[in-house]
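What follows is a set of notes on a single structure, which appears directly below.
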Amino acid sequence: MGDTRDKKKDFFSVKLFFLILGGIAAYNLIGWMSGEPEWEELAYEPGAFVAKTAGKPDLRKLREDLPFGEVEFQYLMFARNEVQYAISYGEIPVGVGPDSATVSRRERMLSKMEGEMLAEEMVEMAGHPARQTKIRASDKSLLRLQSLQLGTRLYSLMAAGAPYAFDDNPDIALFFASFRLDGAE
C-alpha cells in the first residue's frame, strides 16, 4: 500500500515539475513573439549567487524527498530559445557529504523524468568541484543538470528542452559558465 502511495506521489511530483516548466514557457510566449529577452546578470541575495538569466525569472518553492530527508528547494526558472532554465538551491542536513547530495539530486531528477543518464562528469562550478549529468527523459527531451554542494547548501543548474535545442547552443554554455557564488563560501 505504501509503495502505491510513493508511486502516486512521485507521479504527482513529475507532473508538477513539468506543469511548472510548461507554465513558464506559456508565460514567456508573449516575450518570444516580441523577441527573445536579453541575458542579464542577476545577483540573487537570498541564494547568495550571481548568474545570467534571460527575462525575469519565476520563483517557486518545491519540496523534494531525498534519501537523507525532505529538502525545500527555491527554484528560479526562465526560458529562452526553446530551452527551459532553472537555478535551484536548498539546505540539506549537516553531515551529508557532497557526493551523497549530488548523487541523490541526480537520482531524484532521473526518477522525476523517468529518464536515462547519457553522460556524467565532474566539472568546476564557481571554483568548486561539481557533478554534471546529461539525462534523456521518457519524452526524449534532454536535461543538463549540474550540482554543487557547499556546506549545507546544495545548488543545481538545469537546462531542459528538445534535443535539437541543445545542438550548438551557445546560450546553454553561457548560462552554466555565468554562475558564481556571492558570499556563500
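Note on naming: chains are A, B, ... as they come in the C-alpha cells, residues start from 1 per chain, ligands start from 1 in the order shown.
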
Inset, instruction - Within segment 43-106 of chain A, find each residue whose DSSP state, derived from the backbone, is helix (DSSP H, G or I), and express the selection as a PyMOL selection string. - result: chain A and resi 45-47+98-106

Legend entry - Long-range neighbours of segment 167-171 of chain A as a ChimeraX atom specification, 12 Å cut-off, only C-alpha atoms, 4 positions minimum in chain: /A:36-39,52-54,79-85,142,159,161-163,175-178

Inset, instruction - Looking only at strand (DSSP E) from DSSP on the backbone, list the matching residues of segment 27-163 of chain A as a VMD selection string. - result: chain A and resid 39 to 44 49 to 54 58 to 66 69 to 80 83 to 91 116 to 125 128 to 136 142 to 150 153 to 161

Save out the residues we just selected, C-alpha atoms, as a PDB file, in the first residue's frame.
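Okay, this is what ended up in part-v5.pdb:
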```
ATOM      1  CA  TRP A  39      20.795  37.887 -20.972  1.00  0.00           C
ATOM      2  CA  GLU A  40      21.291  39.953 -17.820  1.00  0.00           C
ATOM      3  CA  GLU A  41      23.308  39.316 -14.721  1.00  0.00           C
ATOM      4  CA  LEU A  42      21.122  38.584 -11.708  1.00  0.00           C
ATOM      5  CA  ALA A  43      22.512  38.877  -8.190  1.00  0.00           C
ATOM      6  CA  TYR A  44      20.173  36.802  -6.037  1.00  0.00           C
ATOM      7  CA  PHE A  49      24.748  33.652  -6.058  1.00  0.00           C
ATOM      8  CA  VAL A  50      25.076  35.595  -9.296  1.00  0.00           C
ATOM      9  CA  ALA A  51      24.104  34.165 -12.689  1.00  0.00           C
ATOM     10  CA  LYS A  52      22.966  35.303 -16.106  1.00  0.00           C
ATOM     11  CA  THR A  53      19.253  34.946 -16.776  1.00  0.00           C
ATOM     12  CA  ALA A  54      17.009  35.962 -19.658  1.00  0.00           C
ATOM     13  CA  ASP A  58       9.850  32.968 -11.918  1.00  0.00           C
ATOM     14  CA  LEU A  59      10.425  31.917  -8.289  1.00  0.00           C
ATOM     15  CA  ARG A  60       8.915  28.668  -6.962  1.00  0.00           C
ATOM     16  CA  LYS A  61       9.439  26.603  -3.848  1.00  0.00           C
ATOM     17  CA  LEU A  62       9.274  22.817  -4.156  1.00  0.00           C
ATOM     18  CA  ARG A  63       9.804  20.165  -1.516  1.00  0.00           C
ATOM     19  CA  GLU A  64      11.681  17.066  -2.609  1.00  0.00           C
ATOM     20  CA  ASP A  65      12.239  13.802  -0.776  1.00  0.00           C
ATOM     21  CA  LEU A  66      15.880  12.784  -0.850  1.00  0.00           C
ATOM     22  CA  GLY A  69      15.229  13.775   4.253  1.00  0.00           C
ATOM     23  CA  GLU A  70      12.873  16.288   2.717  1.00  0.00           C
ATOM     24  CA  VAL A  71      14.515  19.426   1.299  1.00  0.00           C
ATOM     25  CA  GLU A  72      12.759  22.615   0.247  1.00  0.00           C
ATOM     26  CA  PHE A  73      14.344  23.953  -2.927  1.00  0.00           C
ATOM     27  CA  GLN A  74      13.971  27.509  -4.192  1.00  0.00           C
ATOM     28  CA  TYR A  75      13.732  27.473  -7.991  1.00  0.00           C
ATOM     29  CA  LEU A  76      14.368  30.461 -10.255  1.00  0.00           C
ATOM     30  CA  MET A  77      13.109  29.496 -13.710  1.00  0.00           C
ATOM     31  CA  PHE A  78      13.024  31.170 -17.116  1.00  0.00           C
ATOM     32  CA  ALA A  79      13.025  30.252 -20.809  1.00  0.00           C
ATOM     33  CA  ARG A  80      14.970  31.381 -23.866  1.00  0.00           C
ATOM     34  CA  VAL A  83      15.151  25.909 -23.613  1.00  0.00           C
ATOM     35  CA  GLN A  84      13.854  25.994 -20.048  1.00  0.00           C
ATOM     36  CA  TYR A  85      16.448  27.039 -17.463  1.00  0.00           C
ATOM     37  CA  ALA A  86      16.417  26.722 -13.686  1.00  0.00           C
ATOM     38  CA  ILE A  87      18.664  27.540 -10.772  1.00  0.00           C
ATOM     39  CA  SER A  88      17.761  25.812  -7.533  1.00  0.00           C
ATOM     40  CA  TYR A  89      19.178  25.712  -4.061  1.00  0.00           C
ATOM     41  CA  GLY A  90      18.195  24.144  -0.782  1.00  0.00           C
ATOM     42  CA  GLU A  91      19.543  23.493   2.684  1.00  0.00           C
ATOM     43  CA  GLU A 116      18.211   7.631 -18.506  1.00  0.00           C
ATOM     44  CA  MET A 117      21.643   9.012 -17.806  1.00  0.00           C
ATOM     45  CA  LEU A 118      23.545   9.664 -21.043  1.00  0.00           C
ATOM     46  CA  ALA A 119      26.757  11.096 -19.595  1.00  0.00           C
ATOM     47  CA  GLU A 120      28.257  12.295 -16.356  1.00  0.00           C
ATOM     48  CA  GLU A 121      31.467  14.043 -15.430  1.00  0.00           C
ATOM     49  CA  MET A 122      32.990  16.072 -12.652  1.00  0.00           C
ATOM     50  CA  VAL A 123      33.370  19.741 -13.611  1.00  0.00           C
ATOM     51  CA  GLU A 124      34.195  23.009 -11.912  1.00  0.00           C
ATOM     52  CA  MET A 125      31.338  25.259 -10.820  1.00  0.00           C
ATOM     53  CA  HIS A 128      34.455  24.124  -6.765  1.00  0.00           C
ATOM     54  CA  PRO A 129      34.059  20.504  -7.925  1.00  0.00           C
ATOM     55  CA  ALA A 130      30.549  19.777  -9.195  1.00  0.00           C
ATOM     56  CA  ARG A 131      28.700  16.892 -10.834  1.00  0.00           C
ATOM     57  CA  GLN A 132      27.351  17.442 -14.368  1.00  0.00           C
ATOM     58  CA  THR A 133      24.858  14.959 -15.797  1.00  0.00           C
ATOM     59  CA  LYS A 134      23.110  14.719 -19.149  1.00  0.00           C
ATOM     60  CA  ILE A 135      19.715  12.992 -18.948  1.00  0.00           C
ATOM     61  CA  ARG A 136      17.260  11.925 -21.636  1.00  0.00           C
ATOM     62  CA  LEU A 142      17.200  16.439 -22.708  1.00  0.00           C
ATOM     63  CA  LEU A 143      18.259  17.825 -19.345  1.00  0.00           C
ATOM     64  CA  ARG A 144      21.684  19.074 -18.397  1.00  0.00           C
ATOM     65  CA  LEU A 145      21.991  19.095 -14.615  1.00  0.00           C
ATOM     66  CA  GLN A 146      24.951  20.484 -12.719  1.00  0.00           C
ATOM     67  CA  SER A 147      25.035  20.231  -8.921  1.00  0.00           C
ATOM     68  CA  LEU A 148      27.367  21.618  -6.288  1.00  0.00           C
ATOM     69  CA  GLN A 149      27.272  21.355  -2.511  1.00  0.00           C
ATOM     70  CA  LEU A 150      28.918  23.922  -0.260  1.00  0.00           C
ATOM     71  CA  ARG A 153      23.635  24.332   0.663  1.00  0.00           C
ATOM     72  CA  LEU A 154      23.011  22.291  -2.476  1.00  0.00           C
ATOM     73  CA  TYR A 155      22.916  24.272  -5.743  1.00  0.00           C
ATOM     74  CA  SER A 156      21.735  22.928  -9.100  1.00  0.00           C
ATOM     75  CA  LEU A 157      21.684  24.494 -12.551  1.00  0.00           C
ATOM     76  CA  MET A 158      19.406  22.968 -15.172  1.00  0.00           C
ATOM     77  CA  ALA A 159      18.717  23.403 -18.872  1.00  0.00           C
ATOM     78  CA  ALA A 160      15.937  21.329 -20.475  1.00  0.00           C
ATOM     79  CA  GLY A 161      14.453  21.140 -23.934  1.00  0.00           C
TER      80      GLY A 161
END
```
